[in-house]
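Trainee: Just work-v1.cif, nothing more (mmCIF, C-alpha atoms and all ligand atoms; chains and numbers go by the auth columns):
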data_final
#
loop_
_atom_site.group_PDB
_atom_site.id
_atom_site.type_symbol
_atom_site.label_atom_id
_atom_site.label_comp_id
_atom_site.label_asym_id
_atom_site.label_seq_id
_atom_site.Cartn_x
_atom_site.Cartn_y
_atom_site.Cartn_z
_atom_site.B_iso_or_equiv
_atom_site.auth_seq_id
_atom_site.auth_asym_id
ATOM 1 C CA MET A 1 -3.716 8.419 6.627 0.00 1334 A
ATOM 2 C CA LYS A 2 -4.530 6.884 3.258 0.00 1335 A
ATOM 3 C CA PHE A 3 -5.903 3.341 3.181 0.00 1336 A
ATOM 4 C CA PHE A 4 -4.626 1.074 0.409 0.00 1337 A
ATOM 5 C CA ILE A 5 -5.690 -2.550 0.038 0.00 1338 A
ATOM 6 C CA ASP A 6 -2.908 -5.057 -0.562 0.00 1339 A
ATOM 7 C CA THR A 7 -4.424 -7.578 -2.951 0.00 1340 A
ATOM 8 C CA ALA A 8 -5.041 -8.386 -6.607 0.00 1341 A
ATOM 9 C CA ASN A 9 -8.473 -9.852 -5.791 0.00 1342 A
ATOM 10 C CA LEU A 10 -11.070 -7.815 -7.685 0.00 1343 A
ATOM 11 C CA ALA A 11 -13.986 -8.747 -5.396 0.00 1344 A
ATOM 12 C CA GLN A 12 -12.081 -7.596 -2.302 0.00 1345 A
ATOM 13 C CA ILE A 13 -10.987 -4.383 -4.019 0.00 1346 A
ATOM 14 C CA LYS A 14 -14.647 -3.712 -4.956 0.00 1347 A
ATOM 15 C CA GLU A 15 -15.772 -4.393 -1.375 0.00 1348 A
ATOM 16 C CA ALA A 16 -13.222 -1.929 0.041 0.00 1349 A
ATOM 17 C CA GLN A 17 -14.070 0.642 -2.630 0.00 1350 A
ATOM 18 C CA GLU A 18 -17.794 0.347 -1.872 0.00 1351 A
ATOM 19 C CA LEU A 19 -17.090 0.974 1.822 0.00 1352 A
ATOM 20 C CA GLY A 20 -16.002 4.442 0.682 0.00 1353 A
ATOM 21 C CA VAL A 21 -12.681 4.567 2.511 0.00 1354 A
ATOM 22 C CA LEU A 22 -10.268 3.204 -0.092 0.00 1355 A
ATOM 23 C CA ASP A 23 -7.471 5.421 -1.434 0.00 1356 A
ATOM 24 C CA GLY A 24 -5.542 2.931 -3.548 0.00 1357 A
ATOM 25 C CA VAL A 25 -4.276 -0.593 -4.169 0.00 1358 A
ATOM 26 C CA THR A 26 -0.905 -2.289 -3.900 0.00 1359 A
ATOM 27 C CA THR A 27 -0.087 -5.516 -5.696 0.00 1360 A
ATOM 28 C CA ASN A 28 3.037 -7.596 -6.077 0.00 1361 A
ATOM 29 C CA PRO A 29 3.969 -10.634 -8.213 0.00 1362 A
ATOM 30 C CA SER A 30 3.008 -13.030 -5.386 0.00 1363 A
ATOM 31 C CA LEU A 31 -0.456 -11.466 -5.033 0.00 1364 A
ATOM 32 C CA MET A 32 -1.013 -11.675 -8.815 0.00 1365 A
ATOM 33 C CA ALA A 33 0.042 -15.341 -8.810 0.00 1366 A
ATOM 34 C CA LYS A 34 -2.322 -16.013 -5.871 0.00 1367 A
ATOM 35 C CA GLU A 35 -5.224 -14.868 -8.070 0.00 1368 A
ATOM 36 C CA GLY A 36 -3.998 -17.128 -10.900 0.00 1369 A
ATOM 37 C CA ILE A 37 -3.090 -14.169 -13.125 0.00 1370 A
ATOM 38 C CA THR A 38 -0.178 -15.228 -15.318 0.00 1371 A
ATOM 39 C CA GLY A 39 1.308 -14.128 -18.651 0.00 1372 A
ATOM 40 C CA THR A 40 2.225 -10.530 -19.483 0.00 1373 A
ATOM 41 C CA ASN A 41 -0.998 -9.650 -21.339 0.00 1374 A
ATOM 42 C CA ASN A 42 -3.253 -11.032 -18.606 0.00 1375 A
ATOM 43 C CA ILE A 43 -1.242 -9.257 -15.927 0.00 1376 A
ATOM 44 C CA LEU A 44 -1.418 -5.919 -17.768 0.00 1377 A
ATOM 45 C CA LYS A 45 -5.168 -6.359 -18.326 0.00 1378 A
ATOM 46 C CA HIS A 46 -5.638 -7.131 -14.638 0.00 1379 A
ATOM 47 C CA TYR A 47 -3.933 -3.858 -13.679 0.00 1380 A
ATOM 48 C CA VAL A 48 -6.365 -1.982 -15.918 0.00 1381 A
ATOM 49 C CA ASP A 49 -9.296 -3.879 -14.337 0.00 1382 A
ATOM 50 C CA ILE A 50 -8.071 -2.791 -10.888 0.00 1383 A
ATOM 51 C CA CYS A 51 -7.656 0.825 -12.050 0.00 1384 A
ATOM 52 C CA ASN A 52 -11.234 0.786 -13.305 0.00 1385 A
ATOM 53 C CA ILE A 53 -12.523 -0.110 -9.831 0.00 1386 A
ATOM 54 C CA VAL A 54 -10.548 2.163 -7.544 0.00 1387 A
ATOM 55 C CA ASP A 55 -10.246 5.914 -7.756 0.00 1388 A
ATOM 56 C CA GLY A 56 -6.649 6.151 -6.520 0.00 1389 A
ATOM 57 C CA ASP A 57 -3.078 4.999 -6.961 0.00 1390 A
ATOM 58 C CA VAL A 58 -2.463 1.395 -8.027 0.00 1391 A
ATOM 59 C CA SER A 59 1.042 -0.001 -7.545 0.00 1392 A
ATOM 60 C CA ALA A 60 2.235 -2.337 -10.323 0.00 1393 A
ATOM 61 C CA GLU A 61 5.598 -4.002 -9.794 0.00 1394 A
ATOM 62 C CA VAL A 62 8.361 -4.430 -12.372 0.00 1395 A
ATOM 63 C CA ILE A 63 9.882 -7.889 -12.744 0.00 1396 A
ATOM 64 C CA ALA A 64 13.192 -6.772 -14.278 0.00 1397 A
ATOM 65 C CA THR A 65 16.090 -6.252 -11.888 0.00 1398 A
ATOM 66 C CA ASP A 66 18.399 -4.368 -14.285 0.00 1399 A
ATOM 67 C CA TYR A 67 18.118 -0.624 -14.947 0.00 1400 A
ATOM 68 C CA ALA A 68 17.219 -0.822 -18.660 0.00 1401 A
ATOM 69 C CA GLY A 69 14.651 -3.560 -18.019 0.00 1402 A
ATOM 70 C CA MET A 70 13.020 -1.647 -15.165 0.00 1403 A
ATOM 71 C CA ILE A 71 12.767 1.503 -17.294 0.00 1404 A
ATOM 72 C CA LYS A 72 11.196 -0.390 -20.200 0.00 1405 A
ATOM 73 C CA GLU A 73 8.717 -2.264 -18.024 0.00 1406 A
ATOM 74 C CA GLY A 74 7.940 0.737 -15.844 0.00 1407 A
ATOM 75 C CA GLU A 75 7.182 2.952 -18.829 0.00 1408 A
ATOM 76 C CA ALA A 76 4.843 0.302 -20.268 0.00 1409 A
ATOM 77 C CA LEU A 77 3.089 -0.004 -16.894 0.00 1410 A
ATOM 78 C CA ALA A 78 2.756 3.770 -16.515 0.00 1411 A
ATOM 79 C CA ASP A 79 1.224 3.979 -19.999 0.00 1412 A
ATOM 80 C CA LEU A 80 -1.579 1.576 -18.971 0.00 1413 A
ATOM 81 C CA HIS A 81 -3.521 4.056 -16.836 0.00 1414 A
ATOM 82 C CA GLU A 82 -2.956 7.421 -15.161 0.00 1415 A
ATOM 83 C CA ASN A 83 -3.389 5.828 -11.703 0.00 1416 A
ATOM 84 C CA ILE A 84 -0.523 3.366 -12.109 0.00 1417 A
ATOM 85 C CA VAL A 85 2.411 3.777 -9.723 0.00 1418 A
ATOM 86 C CA VAL A 86 5.536 1.914 -10.820 0.00 1419 A
ATOM 87 C CA LYS A 87 6.715 -0.340 -8.007 0.00 1420 A
ATOM 88 C CA ILE A 88 10.485 -0.797 -7.928 0.00 1421 A
ATOM 89 C CA PRO A 89 12.606 -2.938 -5.602 0.00 1422 A
ATOM 90 C CA MET A 90 15.187 -1.360 -3.284 0.00 1423 A
ATOM 91 C CA ILE A 91 18.284 -2.471 -5.177 0.00 1424 A
ATOM 92 C CA LYS A 92 21.073 -0.418 -6.780 0.00 1425 A
ATOM 93 C CA ASP A 93 19.537 -0.313 -10.263 0.00 1426 A
ATOM 94 C CA GLY A 94 16.172 0.299 -8.624 0.00 1427 A
ATOM 95 C CA VAL A 95 17.469 3.489 -6.998 0.00 1428 A
ATOM 96 C CA LYS A 96 18.685 4.688 -10.406 0.00 1429 A
ATOM 97 C CA ALA A 97 15.297 3.845 -11.902 0.00 1430 A
ATOM 98 C CA LEU A 98 13.517 5.785 -9.129 0.00 1431 A
ATOM 99 C CA ARG A 99 15.529 8.871 -10.058 0.00 1432 A
ATOM 100 C CA TYR A 100 14.736 8.352 -13.768 0.00 1433 A
ATOM 101 C CA PHE A 101 10.974 8.077 -13.167 0.00 1434 A
ATOM 102 C CA SER A 102 10.985 10.936 -10.677 0.00 1435 A
ATOM 103 C CA ASN A 103 12.645 13.210 -13.254 0.00 1436 A
ATOM 104 C CA LYS A 104 9.975 12.181 -15.761 0.00 1437 A
ATOM 105 C CA GLY A 105 7.115 12.877 -13.344 0.00 1438 A
ATOM 106 C CA ILE A 106 6.075 9.202 -13.173 0.00 1439 A
ATOM 107 C CA LYS A 107 4.925 8.057 -9.727 0.00 1440 A
ATOM 108 C CA THR A 108 6.915 5.301 -7.990 0.00 1441 A
ATOM 109 C CA ASN A 109 6.678 3.041 -4.965 0.00 1442 A
ATOM 110 C CA CYS A 110 10.016 1.708 -3.719 0.00 1443 A
ATOM 111 C CA THR A 111 9.309 -1.734 -2.277 0.00 1444 A
ATOM 112 C CA LEU A 112 11.092 -4.181 0.040 0.00 1445 A
ATOM 113 C CA ILE A 113 12.300 -1.555 2.526 0.00 1446 A
ATOM 114 C CA PHE A 114 13.650 -3.040 5.748 0.00 1447 A
ATOM 115 C CA SER A 115 15.974 -0.331 7.095 0.00 1448 A
ATOM 116 C CA ALA A 116 16.149 3.420 7.687 0.00 1449 A
ATOM 117 C CA GLY A 117 19.154 3.632 5.350 0.00 1450 A
ATOM 118 C CA GLN A 118 17.093 2.181 2.511 0.00 1451 A
ATOM 119 C CA ALA A 119 14.284 4.641 3.315 0.00 1452 A
ATOM 120 C CA LEU A 120 16.751 7.526 3.144 0.00 1453 A
ATOM 121 C CA LEU A 121 18.011 6.381 -0.258 0.00 1454 A
ATOM 122 C CA ALA A 122 14.461 6.006 -1.627 0.00 1455 A
ATOM 123 C CA ALA A 123 13.637 9.574 -0.559 0.00 1456 A
ATOM 124 C CA LYS A 124 16.900 10.954 -1.989 0.00 1457 A
ATOM 125 C CA ALA A 125 16.067 9.230 -5.297 0.00 1458 A
ATOM 126 C CA GLY A 126 12.676 10.979 -5.387 0.00 1459 A
ATOM 127 C CA ALA A 127 10.338 8.019 -4.773 0.00 1460 A
ATOM 128 C CA THR A 128 6.677 9.020 -4.450 0.00 1461 A
ATOM 129 C CA TYR A 129 6.045 6.248 -1.916 0.00 1462 A
ATOM 130 C CA MET A 130 8.341 3.821 -0.166 0.00 1463 A
ATOM 131 C CA SER A 131 7.144 0.643 1.487 0.00 1464 A
ATOM 132 C CA PRO A 132 8.656 -0.623 4.760 0.00 1465 A
ATOM 133 C CA PHE A 133 7.366 -4.194 5.364 0.00 1466 A
ATOM 134 C CA ILE A 134 6.357 -4.172 9.013 0.00 1467 A
ATOM 135 C CA GLY A 135 4.774 -7.627 9.231 0.00 1468 A
ATOM 136 C CA ARG A 136 7.809 -9.326 7.720 0.00 1469 A
ATOM 137 C CA LEU A 137 10.080 -7.538 10.221 0.00 1470 A
ATOM 138 C CA ASP A 138 7.812 -8.681 13.066 0.00 1471 A
ATOM 139 C CA ASP A 139 8.158 -12.217 11.657 0.00 1472 A
ATOM 140 C CA VAL A 140 11.899 -12.101 12.374 0.00 1473 A
ATOM 141 C CA SER A 141 11.478 -10.667 15.876 0.00 1474 A
ATOM 142 C CA THR A 142 12.236 -7.055 14.915 0.00 1475 A
ATOM 143 C CA ASP A 143 9.550 -4.473 15.672 0.00 1476 A
ATOM 144 C CA GLY A 144 8.376 -3.220 12.280 0.00 1477 A
ATOM 145 C CA LEU A 145 6.601 -0.263 13.884 0.00 1478 A
ATOM 146 C CA ASP A 146 9.921 1.007 15.300 0.00 1479 A
ATOM 147 C CA LEU A 147 11.145 1.316 11.712 0.00 1480 A
ATOM 148 C CA ILE A 148 8.085 3.357 10.733 0.00 1481 A
ATOM 149 C CA ALA A 149 8.754 5.731 13.654 0.00 1482 A
ATOM 150 C CA GLN A 150 12.453 6.021 12.743 0.00 1483 A
ATOM 151 C CA ILE A 151 11.653 6.840 9.109 0.00 1484 A
ATOM 152 C CA ARG A 152 8.973 9.370 10.157 0.00 1485 A
ATOM 153 C CA LEU A 153 11.589 11.184 12.261 0.00 1486 A
ATOM 154 C CA ILE A 154 14.181 11.199 9.469 0.00 1487 A
ATOM 155 C CA TYR A 155 11.743 12.364 6.791 0.00 1488 A
ATOM 156 C CA ASP A 156 10.408 15.124 9.047 0.00 1489 A
ATOM 157 C CA ASN A 157 13.956 16.303 9.841 0.00 1490 A
ATOM 158 C CA TYR A 158 14.531 17.088 6.169 0.00 1491 A
ATOM 159 C CA PHE A 159 10.996 17.692 4.877 0.00 1492 A
ATOM 160 C CA PHE A 160 11.275 14.773 2.436 0.00 1493 A
ATOM 161 C CA GLU A 161 8.090 14.519 0.390 0.00 1494 A
ATOM 162 C CA THR A 162 8.315 10.762 -0.158 0.00 1495 A
ATOM 163 C CA GLN A 163 5.295 9.176 1.485 0.00 1496 A
ATOM 164 C CA ILE A 164 5.734 6.429 4.071 0.00 1497 A
ATOM 165 C CA LEU A 165 3.554 3.542 2.882 0.00 1498 A
ATOM 166 C CA ALA A 166 3.460 1.088 5.783 0.00 1499 A
ATOM 167 C CA ALA A 167 3.249 -2.300 4.054 0.00 1500 A
ATOM 168 C CA SER A 168 2.964 -5.920 5.104 0.00 1501 A
ATOM 169 C CA VAL A 169 0.300 -4.802 7.558 0.00 1502 A
ATOM 170 C CA ARG A 170 -1.276 -7.881 9.108 0.00 1503 A
ATOM 171 C CA HIS A 171 -3.974 -6.659 11.503 0.00 1504 A
ATOM 172 C CA THR A 172 -5.920 -3.720 12.879 0.00 1505 A
ATOM 173 C CA MET A 173 -3.390 -2.860 15.610 0.00 1506 A
ATOM 174 C CA HIS A 174 -0.756 -2.330 12.909 0.00 1507 A
ATOM 175 C CA VAL A 175 -3.146 0.136 11.264 0.00 1508 A
ATOM 176 C CA ILE A 176 -3.867 2.020 14.483 0.00 1509 A
ATOM 177 C CA LYS A 177 -0.210 2.192 15.542 0.00 1510 A
ATOM 178 C CA CYS A 178 0.799 3.396 12.050 0.00 1511 A
ATOM 179 C CA ALA A 179 -1.792 6.154 12.342 0.00 1512 A
ATOM 180 C CA GLU A 180 -0.399 7.150 15.768 0.00 1513 A
ATOM 181 C CA ILE A 181 3.154 7.278 14.404 0.00 1514 A
ATOM 182 C CA GLY A 182 2.093 9.259 11.359 0.00 1515 A
ATOM 183 C CA ALA A 183 2.600 6.895 8.423 0.00 1516 A
ATOM 184 C CA ASP A 184 1.184 8.594 5.329 0.00 1517 A
ATOM 185 C CA VAL A 185 -0.405 5.397 3.990 0.00 1518 A
ATOM 186 C CA MET A 186 -1.019 1.868 5.144 0.00 1519 A
ATOM 187 C CA THR A 187 -1.598 -1.118 2.891 0.00 1520 A
ATOM 188 C CA GLY A 188 -3.064 -4.323 4.228 0.00 1521 A
ATOM 189 C CA PRO A 189 -5.567 -7.087 3.598 0.00 1522 A
ATOM 190 C CA LEU A 190 -9.310 -6.328 3.527 0.00 1523 A
ATOM 191 C CA SER A 191 -9.591 -7.727 7.081 0.00 1524 A
ATOM 192 C CA SER A 192 -7.218 -5.038 8.410 0.00 1525 A
ATOM 193 C CA ILE A 193 -9.694 -2.403 7.166 0.00 1526 A
ATOM 194 C CA THR A 194 -13.033 -4.039 7.936 0.00 1527 A
ATOM 195 C CA GLY A 195 -11.703 -5.225 11.322 0.00 1528 A
ATOM 196 C CA LEU A 196 -11.625 -1.581 12.402 0.00 1529 A
ATOM 197 C CA LEU A 197 -15.444 -1.672 12.401 0.00 1530 A
ATOM 198 C CA ASN A 198 -15.693 -4.152 15.211 0.00 1531 A
ATOM 199 C CA HIS A 199 -16.490 -3.464 18.849 0.00 1532 A
ATOM 200 C CA PRO A 200 -18.736 -5.647 21.040 0.00 1533 A
ATOM 201 C CA LEU A 201 -20.200 -2.562 22.757 0.00 1534 A
ATOM 202 C CA THR A 202 -21.323 -1.254 19.358 0.00 1535 A
ATOM 203 C CA ASP A 203 -23.108 -4.552 18.684 0.00 1536 A
ATOM 204 C CA LEU A 204 -24.686 -4.648 22.159 0.00 1537 A
ATOM 205 C CA GLY A 205 -25.673 -0.979 21.990 0.00 1538 A
ATOM 206 C CA LEU A 206 -27.331 -1.368 18.605 0.00 1539 A
ATOM 207 C CA GLU A 207 -29.150 -4.493 19.757 0.00 1540 A
ATOM 208 C CA LYS A 208 -30.563 -2.539 22.719 0.00 1541 A
ATOM 209 C CA PHE A 209 -31.550 0.505 20.633 0.00 1542 A
ATOM 210 C CA LEU A 210 -33.425 -1.713 18.185 0.00 1543 A
ATOM 211 C CA ALA A 211 -35.099 -3.704 20.995 0.00 1544 A
ATOM 212 C CA ASP A 212 -36.228 -0.509 22.755 0.00 1545 A
ATOM 213 C CA TYR A 213 -37.573 0.899 19.471 0.00 1546 A
ATOM 214 C CA ALA A 214 -39.449 -2.350 18.842 0.00 1547 A
ATOM 215 C CA LYS A 215 -41.023 -2.223 22.355 0.00 1548 A
ATOM 216 C CA GLY A 216 -42.369 1.273 21.776 0.00 1549 A
ATOM 217 C CA ASN A 217 -43.533 0.668 18.222 0.00 1550 A
ATOM 218 C CA LYS A 218 -45.515 -2.563 18.348 0.00 1551 A
HETATM 219 C C1 LIG B . 3.590 -4.252 -0.257 0.00 1601 A
HETATM 220 O O1 LIG B . 3.326 -3.516 -1.175 0.00 1601 A
HETATM 221 C C2 LIG B . 3.513 -5.703 -0.325 0.00 1601 A
HETATM 222 O O2 LIG B . 2.646 -6.055 -1.382 0.00 1601 A
HETATM 223 C C3 LIG B . 2.930 -6.336 0.888 0.00 1601 A
HETATM 224 O O3 LIG B . 2.438 -5.417 1.813 0.00 1601 A
HETATM 225 C C4 LIG B . 3.657 -7.512 1.419 0.00 1601 A
HETATM 226 O O4 LIG B . 2.914 -8.042 2.484 0.00 1601 A
HETATM 227 P P1 LIG B . 3.146 -9.514 3.069 0.00 1601 A
HETATM 228 O O5 LIG B . 4.357 -9.478 3.912 0.00 1601 A
HETATM 229 O O6 LIG B . 1.906 -9.784 3.852 0.00 1601 A
HETATM 230 O O7 LIG B . 3.309 -10.429 1.885 0.00 1601 A
#
Is it possible to express this structure as structure tokens?
Mentor:
Amino acid sequence: MKFFIDTANLAQIKEAQELGVLDGVTTNPSLMAKEGITGTNNILKHYVDICNIVDGDVSAEVIATDYAGMIKEGEALADLHENIVVKIPMIKDGVKALRYFSNKGIKTNCTLIFSAGQALLAAKAGATYMSPFIGRLDDVSTDGLDLIAQIRLIYDNYFFETQILAASVRHTMHVIKCAEIGADVMTGPLSSITGLLNHPLTDLGLEKFLADYAKGNK
């Protein structure tokens, strides 16, 4: 399973990259705003900064919601760097735009997926990735992981190549369960990656190894 980090924070992206397990980055307009990145030029520059840190796919979201606007913005985003993946919302014009970019060989990530029907449409339209938001489904008392399992089954039935990018991951158990189900990618905050390191028995074991070494090597 690929690990993407879901942030526009350069320090956190660097930290995940330096850990040596990062495969890509996802951003969205809210994450850019959180970092105080505003204005088209600054936003485009920030995408390039991210691409210069991580050796992998970087999702950059279009703001337009009409077909022509999404094509124009998406082409400009794709021209920024070879690692850019054009992120497109699951709406009618978005599906048309996915097909357009797929035919042109430009990578896409269909975002805001909340149902198996939407996942089926994204795959039919040739999306490279599609992002079911599991945390936001959990927030409304619907098990987001059930959706990942349902999509895995459907995609496997028909050998769809669209990758399941489990998004809106909130914690380490989401990551582990997504890996069990067979999501192709997960994207989450830095804590959902670094949290996988933690086990009290590892800490206790290391403490004992070091203490025993110290006793024998005074
Ligand atoms: C996906 O690409 C989105 O950026 C993201 O995972 C949304 O997560 P949130 O629900 O934590 O905002």
Trainee: Which residues of chain A come within 12 Å of ligand LIG 1601 (chain A), and what is each one's closest atom pair and distance in Å (one decimal), counting all atoms listed in the file, sorted by chain and residue number, as JSON lines?
Mentor:
{"residue": "A:Phe1337", "atom": "CA", "partner": "A:LIG1601", "partner_atom": "O1", "distance": 9.3}
{"residue": "A:Ile1338", "atom": "CA", "partner": "A:LIG1601", "partner_atom": "O3", "distance": 8.8}
{"residue": "A:Asp1339", "atom": "CA", "partner": "A:LIG1601", "partner_atom": "O2", "distance": 5.7}
{"residue": "A:Thr1340", "atom": "CA", "partner": "A:LIG1601", "partner_atom": "O2", "distance": 7.4}
{"residue": "A:Ala1341", "atom": "CA", "partner": "A:LIG1601", "partner_atom": "O2", "distance": 9.6}
{"residue": "A:Gly1357", "atom": "CA", "partner": "A:LIG1601", "partner_atom": "O1", "distance": 11.2}
{"residue": "A:Val1358", "atom": "CA", "partner": "A:LIG1601", "partner_atom": "O1", "distance": 8.7}
{"residue": "A:Thr1359", "atom": "CA", "partner": "A:LIG1601", "partner_atom": "O1", "distance": 5.2}
{"residue": "A:Thr1360", "atom": "CA", "partner": "A:LIG1601", "partner_atom": "O2", "distance": 5.1}
{"residue": "A:Asn1361", "atom": "CA", "partner": "A:LIG1601", "partner_atom": "O2", "distance": 5.0}
{"residue": "A:Pro1362", "atom": "CA", "partner": "A:LIG1601", "partner_atom": "O2", "distance": 8.3}
{"residue": "A:Ser1363", "atom": "CA", "partner": "A:LIG1601", "partner_atom": "O7", "distance": 7.7}
{"residue": "A:Leu1364", "atom": "CA", "partner": "A:LIG1601", "partner_atom": "O2", "distance": 7.2}
{"residue": "A:Met1365", "atom": "CA", "partner": "A:LIG1601", "partner_atom": "O2", "distance": 10.0}
{"residue": "A:Lys1367", "atom": "CA", "partner": "A:LIG1601", "partner_atom": "O7", "distance": 11.1}
{"residue": "A:Val1391", "atom": "CA", "partner": "A:LIG1601", "partner_atom": "O1", "distance": 10.2}
{"residue": "A:Ser1392", "atom": "CA", "partner": "A:LIG1601", "partner_atom": "O1", "distance": 7.6}
{"residue": "A:Ala1393", "atom": "CA", "partner": "A:LIG1601", "partner_atom": "O1", "distance": 9.3}
{"residue": "A:Glu1394", "atom": "CA", "partner": "A:LIG1601", "partner_atom": "O1", "distance": 8.9}
{"residue": "A:Val1418", "atom": "CA", "partner": "A:LIG1601", "partner_atom": "O1", "distance": 11.3}
{"residue": "A:Val1419", "atom": "CA", "partner": "A:LIG1601", "partner_atom": "O1", "distance": 11.3}
{"residue": "A:Lys1420", "atom": "CA", "partner": "A:LIG1601", "partner_atom": "O1", "distance": 8.3}
{"residue": "A:Ile1421", "atom": "CA", "partner": "A:LIG1601", "partner_atom": "O1", "distance": 10.2}
{"residue": "A:Pro1422", "atom": "CA", "partner": "A:LIG1601", "partner_atom": "O1", "distance": 10.3}
{"residue": "A:Thr1441", "atom": "CA", "partner": "A:LIG1601", "partner_atom": "O1", "distance": 11.7}
{"residue": "A:Asn1442", "atom": "CA", "partner": "A:LIG1601", "partner_atom": "O1", "distance": 8.3}
{"residue": "A:Cys1443", "atom": "CA", "partner": "A:LIG1601", "partner_atom": "O1", "distance": 8.9}
{"residue": "A:Thr1444", "atom": "CA", "partner": "A:LIG1601", "partner_atom": "O1", "distance": 6.3}
{"residue": "A:Leu1445", "atom": "CA", "partner": "A:LIG1601", "partner_atom": "C1", "distance": 7.5}
{"residue": "A:Ile1446", "atom": "CA", "partner": "A:LIG1601", "partner_atom": "C1", "distance": 9.5}
{"residue": "A:Phe1447", "atom": "CA", "partner": "A:LIG1601", "partner_atom": "O5", "distance": 11.5}
{"residue": "A:Tyr1462", "atom": "CA", "partner": "A:LIG1601", "partner_atom": "O1", "distance": 10.2}
{"residue": "A:Met1463", "atom": "CA", "partner": "A:LIG1601", "partner_atom": "O1", "distance": 8.9}
{"residue": "A:Ser1464", "atom": "CA", "partner": "A:LIG1601", "partner_atom": "O1", "distance": 6.2}
{"residue": "A:Pro1465", "atom": "CA", "partner": "A:LIG1601", "partner_atom": "C1", "distance": 8.0}
{"residue": "A:Phe1466", "atom": "CA", "partner": "A:LIG1601", "partner_atom": "O3", "distance": 6.2}
{"residue": "A:Ile1467", "atom": "CA", "partner": "A:LIG1601", "partner_atom": "O5", "distance": 7.6}
{"residue": "A:Gly1468", "atom": "CA", "partner": "A:LIG1601", "partner_atom": "O5", "distance": 5.6}
{"residue": "A:Arg1469", "atom": "CA", "partner": "A:LIG1601", "partner_atom": "O5", "distance": 5.1}
{"residue": "A:Leu1470", "atom": "CA", "partner": "A:LIG1601", "partner_atom": "O5", "distance": 8.7}
{"residue": "A:Asp1471", "atom": "CA", "partner": "A:LIG1601", "partner_atom": "O5", "distance": 9.8}
{"residue": "A:Asp1472", "atom": "CA", "partner": "A:LIG1601", "partner_atom": "O5", "distance": 9.1}
{"residue": "A:Val1473", "atom": "CA", "partner": "A:LIG1601", "partner_atom": "O5", "distance": 11.6}
{"residue": "A:Gly1477", "atom": "CA", "partner": "A:LIG1601", "partner_atom": "O5", "distance": 11.2}
{"residue": "A:Ile1497", "atom": "CA", "partner": "A:LIG1601", "partner_atom": "O1", "distance": 11.5}
{"residue": "A:Leu1498", "atom": "CA", "partner": "A:LIG1601", "partner_atom": "O1", "distance": 8.1}
{"residue": "A:Ala1499", "atom": "CA", "partner": "A:LIG1601", "partner_atom": "O3", "distance": 7.7}
{"residue": "A:Ala1500", "atom": "CA", "partner": "A:LIG1601", "partner_atom": "O3", "distance": 3.9}
{"residue": "A:Ser1501", "atom": "CA", "partner": "A:LIG1601", "partner_atom": "O3", "distance": 3.4}
{"residue": "A:Val1502", "atom": "CA", "partner": "A:LIG1601", "partner_atom": "O3", "distance": 6.2}
{"residue": "A:Arg1503", "atom": "CA", "partner": "A:LIG1601", "partner_atom": "O6", "distance": 6.4}
{"residue": "A:His1504", "atom": "CA", "partner": "A:LIG1601", "partner_atom": "O6", "distance": 10.1}
{"residue": "A:His1507", "atom": "CA", "partner": "A:LIG1601", "partner_atom": "O3", "distance": 12.0}
{"residue": "A:Val1518", "atom": "CA", "partner": "A:LIG1601", "partner_atom": "O1", "distance": 11.0}
{"residue": "A:Met1519", "atom": "CA", "partner": "A:LIG1601", "partner_atom": "O3", "distance": 8.7}
{"residue": "A:Thr1520", "atom": "CA", "partner": "A:LIG1601", "partner_atom": "O3", "distance": 6.0}
{"residue": "A:Gly1521", "atom": "CA", "partner": "A:LIG1601", "partner_atom": "O3", "distance": 6.1}
{"residue": "A:Pro1522", "atom": "CA", "partner": "A:LIG1601", "partner_atom": "O6", "distance": 7.9}
{"residue": "A:Leu1523", "atom": "CA", "partner": "A:LIG1601", "partner_atom": "O6", "distance": 11.7}
{"residue": "A:Ser1525", "atom": "CA", "partner": "A:LIG1601", "partner_atom": "O6", "distance": 11.2}
Trainee: Using only C-alpha atoms, which of A:Leu1410, A:Val1354, A:Ala1449, A:Leu1486 sits nearest Lys1378 of chain A?
Mentor: A:Leu1410
Trainee: Is it possible to get the axis-aligned box enclosing segment 1348-1366 of chain A (all listed atoms, 5 Å extra per side) as lines of an AutoDock Vina configuration file, with centre and edge lengths in Å rounded to one decimal?
Mentor:
center_x = -6.9
center_y = -5.0
center_z = -3.2
size_x = 31.8
size_y = 30.8
size_z = 21.3
Trainee: For Tyr1433 of chain A, please output as an NGL selection string all residues within 12 Å (counting only C-alpha atoms; exclusion window: fewer than 2 positions along the same chain).
Mentor: :A and (1400-1401 or 1403-1405 or 1407-1408 or 1419 or 1421 or 1426-1431 or 1435-1441 or 1458-1460)
Trainee: For each of A:Ala1516, A:Leu1453, A:Ile1376, A:Ile1509, take the minimum atom-to-atom distance to Asn1490 of chain A, counting all atoms listed in the file, then give the residue where this is smallest.
Mentor: A:Leu1453
Trainee: I need the residue nearest Asp1412 of chain A from this list: A:Ile1424, A:Cys1511, A:Val1381, A:Leu1530. Use all atoms listed in the file for the distance.
Mentor: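 Among the listed residues, the smallest separation from Asp1412 of chain A belongs to A:Val1381.
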Trainee: Which one of A:Val1387, A:Tyr1488, A:Thr1535, A:Ile1481 sits closest to Ala1344 of chain A if you count all atoms listed in the file?
Mentor: A:Val1387
Trainee: Which one is closest to Ile1346 of chain A: A:Ile1386, A:Ala1482, A:Leu1539, A:Ala1455? Count all atoms listed in the file.
Mentor: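 Result for the nearest residue to Ile1346 of chain A: A:Ile1386.
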Trainee: So how many Å separate atom CA of Glu1348 of chain A and atom CA of Val1508 of chain A, to one decimal?
Mentor: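 Here the two named atoms are 18.4 Å from each other.
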Trainee: Which of these, A:Asn1550, A:Glu1351, A:Ile1370, A:Gln1451, has the shortest distance to Met1423 of chain A once you count only C-alpha atoms?
Mentor: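 Of A:Asn1550, A:Glu1351, A:Ile1370, A:Gln1451, the one nearest Met1423 of chain A is A:Gln1451, counting only C-alpha atoms.
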